[in-house]
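K.L.:
A single structure is presented below for examination.
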Amino acid sequence: MSKKLFIKTWGCQMNVYDSARMADVLAPLGYTPSDEPDGADMVILNTCHIREKAAEKVFSELGRLRHMKDEKARQGDRMVLAVAGCVAQAEGEEIVARAPFVDIVFGPQTYHTLPEMVAKAHRAAGAVLNTDFPAESKFDHLPEDSGGQGVSAFLAVQEGCDKFCTFCVVPYTRGAEFSRPAFQVLAEAKRMIANGTREINLLGQNVNAYHGEAADGSTWSLARLIRELAEIDGLARIRYTTSHPRDLQDDLIRAHAEVPQLMPYLHLPVQAGSDRILAAMNRKHTADHYRAIVDKLRTANPDLALSGDFIVGFPGESDADFAETLRLVNDVTYAQAYSFKYSPRPGTPASTEARQVPEEVKSERLAALQQLLDAQQAAFNAGFVGRTVPVLFDRPGKRPGQLMGRSPHMQSVYVQASERLVGTIADVRIEAAYANSLAGTVETGVYVSRTGHSAGVSA
Ligand code: 5AD
Ligand code: SF4
């Protein structure tokens with residue numbers, strides 16, 4: 001009998017990927033994904049710990065779910081309630097103590113054992129807590145990817161991080177840096193492409209540190225992996241995220257010049273523009289080092305658009321330090337970016353720093369930075385009006401008759417067109433630019449069919 005599974009996902013793309021894989025693991029037990037928690041037989045909260053108030057959000061969600069669980073129990077049925085992800089990893093014991101009605105608590109490295117955890121939860125009273133960092137890789141134990149991710153899909157190739165930026169919880173919640181074997185990645189990519197995927201986004205917390213074992217025992221860099229993926233028929237587009245400037249090697253920069261399927265868009269967080277703050281963040285690069293990498297990338301591919309992450313109000317950040325961030329943004333010019341107020345994360349070195357920046361100062365700096373970044377994004381998008389760009393359509397839009405796709409530079413593009421175009425790449429003439437998207441018209445008769453080659457896909 002089919003059982004209803006509801007997964008709520010917070011945070012990064014890796015969490016979105018993990019949630020899809022949890023559904024794959026639970027499918028043989030009869031669980032089918034559902035869009036709402038009402039009446040679900042199992043609910044998983046896949047949590048994020050990277051910024052503010054993560055745990056509080058989880059506890060308030062658990063409060064709501066407790067009522068549904070009780071309701072289900074009154075009907076003589078059971079809702080298995082699980083908390084997963086980075087909050088579970090960091091605060092597992094607190095969750096068990098504060099929310100004793102939770103059945104299972106597990107971290108990002110153990111979800112391949114979900115069937116055992118579910119069985120245990122059914123057998124015994126009390127929560128099953130599994131926040132180990134097991135010696136074996138979960139990737140060796142997961143079932144085949146169901147390929148159900150669609151036209152544009154994530155593929156985790158690397159996980160964890162050894163960089164230990166002083167503000168960041170990732171090295172503690174995701175564990176040490178680990179690369180999946182390249183042969184495993186290629187096999188998974190081929191299955192996804194056979195199931196209709198046309199764009200693969202290679203995921204990793206520090207993806208360009210990738211060094212995976214190939215079938216012949218050699219070690220492949222991310223650039224080598226990308227070149228091999230580009231050889232697979234039917235794969236039109238390749239992306240990767242997120243990269244650390246320190247690990248951006250020349251072979252990857254060359255791939256941006258030479259591999260047409262590698263999209264001209266790169267998420268390369270810098271976090272701050274002051275060398276003093278970068279050192280305090282343990283970023284292992286200076287602002288000029290970052291500028292030099294960007295120059296190299298743009299020399300290799302002048303069409304490359306950049307995205308970034310920024311933190312304002314890191315402990316000890318002065319007005320002069322912050323001015324350096326604005327100067328760096330002005331020098332680099334971003335197509336898109338994410339910016340955050342520094343949030344002290346328990347257990348990280350920066351959280352115990354004495355010189356915390358007052359909240360009002362953080363807010364002012366964030367507003368100033370976002371104004372600049374928004375203006376850059378608007379100018380970037382406006383530059384496309386009147387141009388024709390190849391768009392990979394991956395889903396229907398919100399309005400009737402509308403289709404949504406992505407440009408090579410990651411912009412969302414809306415058109416009025418037949419749903420038959422989903423899964424294809426079509427040339428779109430851009431007619432309007434907005435803060436976060438573009439709108440245009442499909443130039444008829446020039447789209448590349450689903451089964452077609454990737455020719456004409458270059459930016
Ligand atoms: N406070 C604010 N932002 C943070 N990030 C990571 N840790 C923190 C923190 N403690 C941001 C960084 C990172 C992005 C994923 O989240 O900019 O690149
Ligand atoms: Fe966190 Fe990224 Fe720094 Fe790793 S490189 S510690 S994931 S911010």
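FYI, nothing fancy with the structure tokens labels: chains A, B, ... in order, residues from 1 per chain, ligands from 1 as they appear.
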I'd like the neighbourhood of Cys161 of chain A as a list in words, where a residue qualifies if any of its atoms comes within 9 Å (using only C-alpha atoms), though same-chain residues fewer than 4 positions away should be ignored.
P.N.:
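So, after excluding close chain neighbours, the residues are Val170, Pro171, Tyr172, Arg174, Gly175, Ala176, Glu177, Phe178, Gly204, Gln205, Asn206 and Ala209 of chain A.
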K.L.:
Pick out the residues sitting within 9 Å of Gly423 of chain A, and hand them over as a list in words; count only C-alpha atoms, and ignore anything fewer than 2 positions along from it in its own chain.
P.N.:
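My list of contacting residues is Gly150, Val151, Ser152, Gly196, Thr197, Arg198, Leu392, Phe393, Asp394, Arg395, Arg420, Leu421, Ile425, Ser449 and Arg450 of chain A.
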K.L.:
Let me have all residues with an atom within 8 Å of ligand 2, counting only C-alpha atoms and all ligand atoms, laid out as a PDB file with C-alpha atoms, in the first residue's frame.
P.N.:
ATOM      1  CA  GLY A 160      31.835  18.742   3.153  1.00  0.00           C
ATOM      2  CA  CYS A 161      34.538  21.338   3.544  1.00  0.00           C
ATOM      3  CA  ASP A 162      38.024  21.620   5.038  1.00  0.00           C
ATOM      4  CA  LYS A 163      38.313  25.386   4.692  1.00  0.00           C
ATOM      5  CA  PHE A 164      36.985  26.322   8.142  1.00  0.00           C
ATOM      6  CA  CYS A 165      35.994  29.897   7.433  1.00  0.00           C
ATOM      7  CA  THR A 166      35.567  31.241  10.957  1.00  0.00           C
ATOM      8  CA  PHE A 167      31.869  32.144  10.485  1.00  0.00           C
ATOM      9  CA  CYS A 168      30.708  28.886   8.913  1.00  0.00           C
ATOM     10  CA  VAL A 169      29.078  25.745  10.331  1.00  0.00           C
ATOM     11  CA  VAL A 170      29.485  23.618   7.201  1.00  0.00           C
ATOM     12  CA  PRO A 171      32.755  21.896   8.191  1.00  0.00           C
ATOM     13  CA  GLN A 205      29.979  22.807  -0.667  1.00  0.00           C
ATOM     14  CA  ASN A 206      33.394  23.438  -2.203  1.00  0.00           C
ATOM     15  CA  THR A 242      29.693  26.531  -5.078  1.00  0.00           C
ATOM     16  CA  SER A 243      33.347  27.380  -5.634  1.00  0.00           C
ATOM     17  CA  HIS A 244      36.057  28.696  -3.346  1.00  0.00           C
ATOM     18  CA  ARG A 283      39.334  32.856   3.759  1.00  0.00           C
TER      19      ARG A 283
END
K.L.:
Step by step, measure atom-to-atom distances between ligand 1 and each residue using only C-alpha atoms and all ligand atoms, keep those at most 6 Å, then write them as a VMD selection string.
P.N.:
chain A and resid 50 to 51 167 to 168 269 271 309 to 311 340 to 345
K.L.:
Go ahead and dump the residues you just picked, N, CA, C and O atoms, as a CSV table (one decimal), in the first residue's frame.
P.N.:
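What landed in out13.csv:
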chain,number,residue,atom,x,y,z
A,50,ILE,N,22.8,27.3,8.5
A,50,ILE,CA,23.9,28.2,8.1
A,50,ILE,C,23.7,29.6,8.6
A,50,ILE,O,24.6,30.3,9.0
A,51,ARG,N,22.4,30.1,8.7
A,51,ARG,CA,22.2,31.4,9.2
A,51,ARG,C,21.1,31.4,10.3
A,51,ARG,O,20.6,30.4,10.7
A,167,PHE,N,33.3,31.9,10.2
A,167,PHE,CA,31.9,32.1,10.5
A,167,PHE,C,31.0,30.9,10.2
A,167,PHE,O,29.8,31.0,10.5
A,168,CYS,N,31.5,29.9,9.6
A,168,CYS,CA,30.7,28.9,8.9
A,168,CYS,C,30.6,27.6,9.6
A,168,CYS,O,31.5,27.0,10.2
A,269,PRO,N,31.8,33.0,-4.4
A,269,PRO,CA,31.7,33.9,-3.2
A,269,PRO,C,33.1,34.5,-2.8
A,269,PRO,O,34.1,33.8,-2.9
A,271,GLN,N,32.8,37.0,0.0
A,271,GLN,CA,32.4,37.3,1.4
A,271,GLN,C,32.7,38.7,1.8
A,271,GLN,O,31.8,39.3,2.5
A,309,ASP,N,28.6,35.7,-2.9
A,309,ASP,CA,28.0,35.7,-1.5
A,309,ASP,C,28.8,36.8,-0.7
A,309,ASP,O,30.0,36.8,-0.9
A,310,PHE,N,28.1,37.5,0.1
A,310,PHE,CA,28.7,38.6,0.9
A,310,PHE,C,28.2,38.5,2.3
A,310,PHE,O,27.0,38.2,2.5
A,311,ILE,N,29.1,38.8,3.3
A,311,ILE,CA,28.6,38.9,4.7
A,311,ILE,C,29.0,40.3,5.1
A,311,ILE,O,30.2,40.7,4.9
A,340,PHE,N,24.3,38.8,3.2
A,340,PHE,CA,23.7,38.5,4.5
A,340,PHE,C,24.4,39.3,5.6
A,340,PHE,O,25.5,39.7,5.5
A,341,LYS,N,23.6,39.5,6.7
A,341,LYS,CA,24.2,40.1,7.9
A,341,LYS,C,24.9,38.9,8.6
A,341,LYS,O,24.4,37.8,8.6
A,342,TYR,N,26.1,39.2,9.1
A,342,TYR,CA,26.8,38.2,9.9
A,342,TYR,C,25.9,37.7,11.0
A,342,TYR,O,25.3,38.5,11.7
A,343,SER,N,25.8,36.4,11.2
A,343,SER,CA,25.0,35.8,12.2
A,343,SER,C,25.9,34.8,13.0
A,343,SER,O,26.5,33.9,12.4
A,344,PRO,N,26.1,35.0,14.3
A,344,PRO,CA,27.0,34.2,15.1
A,344,PRO,C,26.5,32.7,15.1
A,344,PRO,O,25.4,32.5,15.6
A,345,ARG,N,27.2,31.8,14.7
A,345,ARG,CA,26.8,30.4,14.7
A,345,ARG,C,27.5,29.7,15.8
A,345,ARG,O,28.7,29.7,15.9
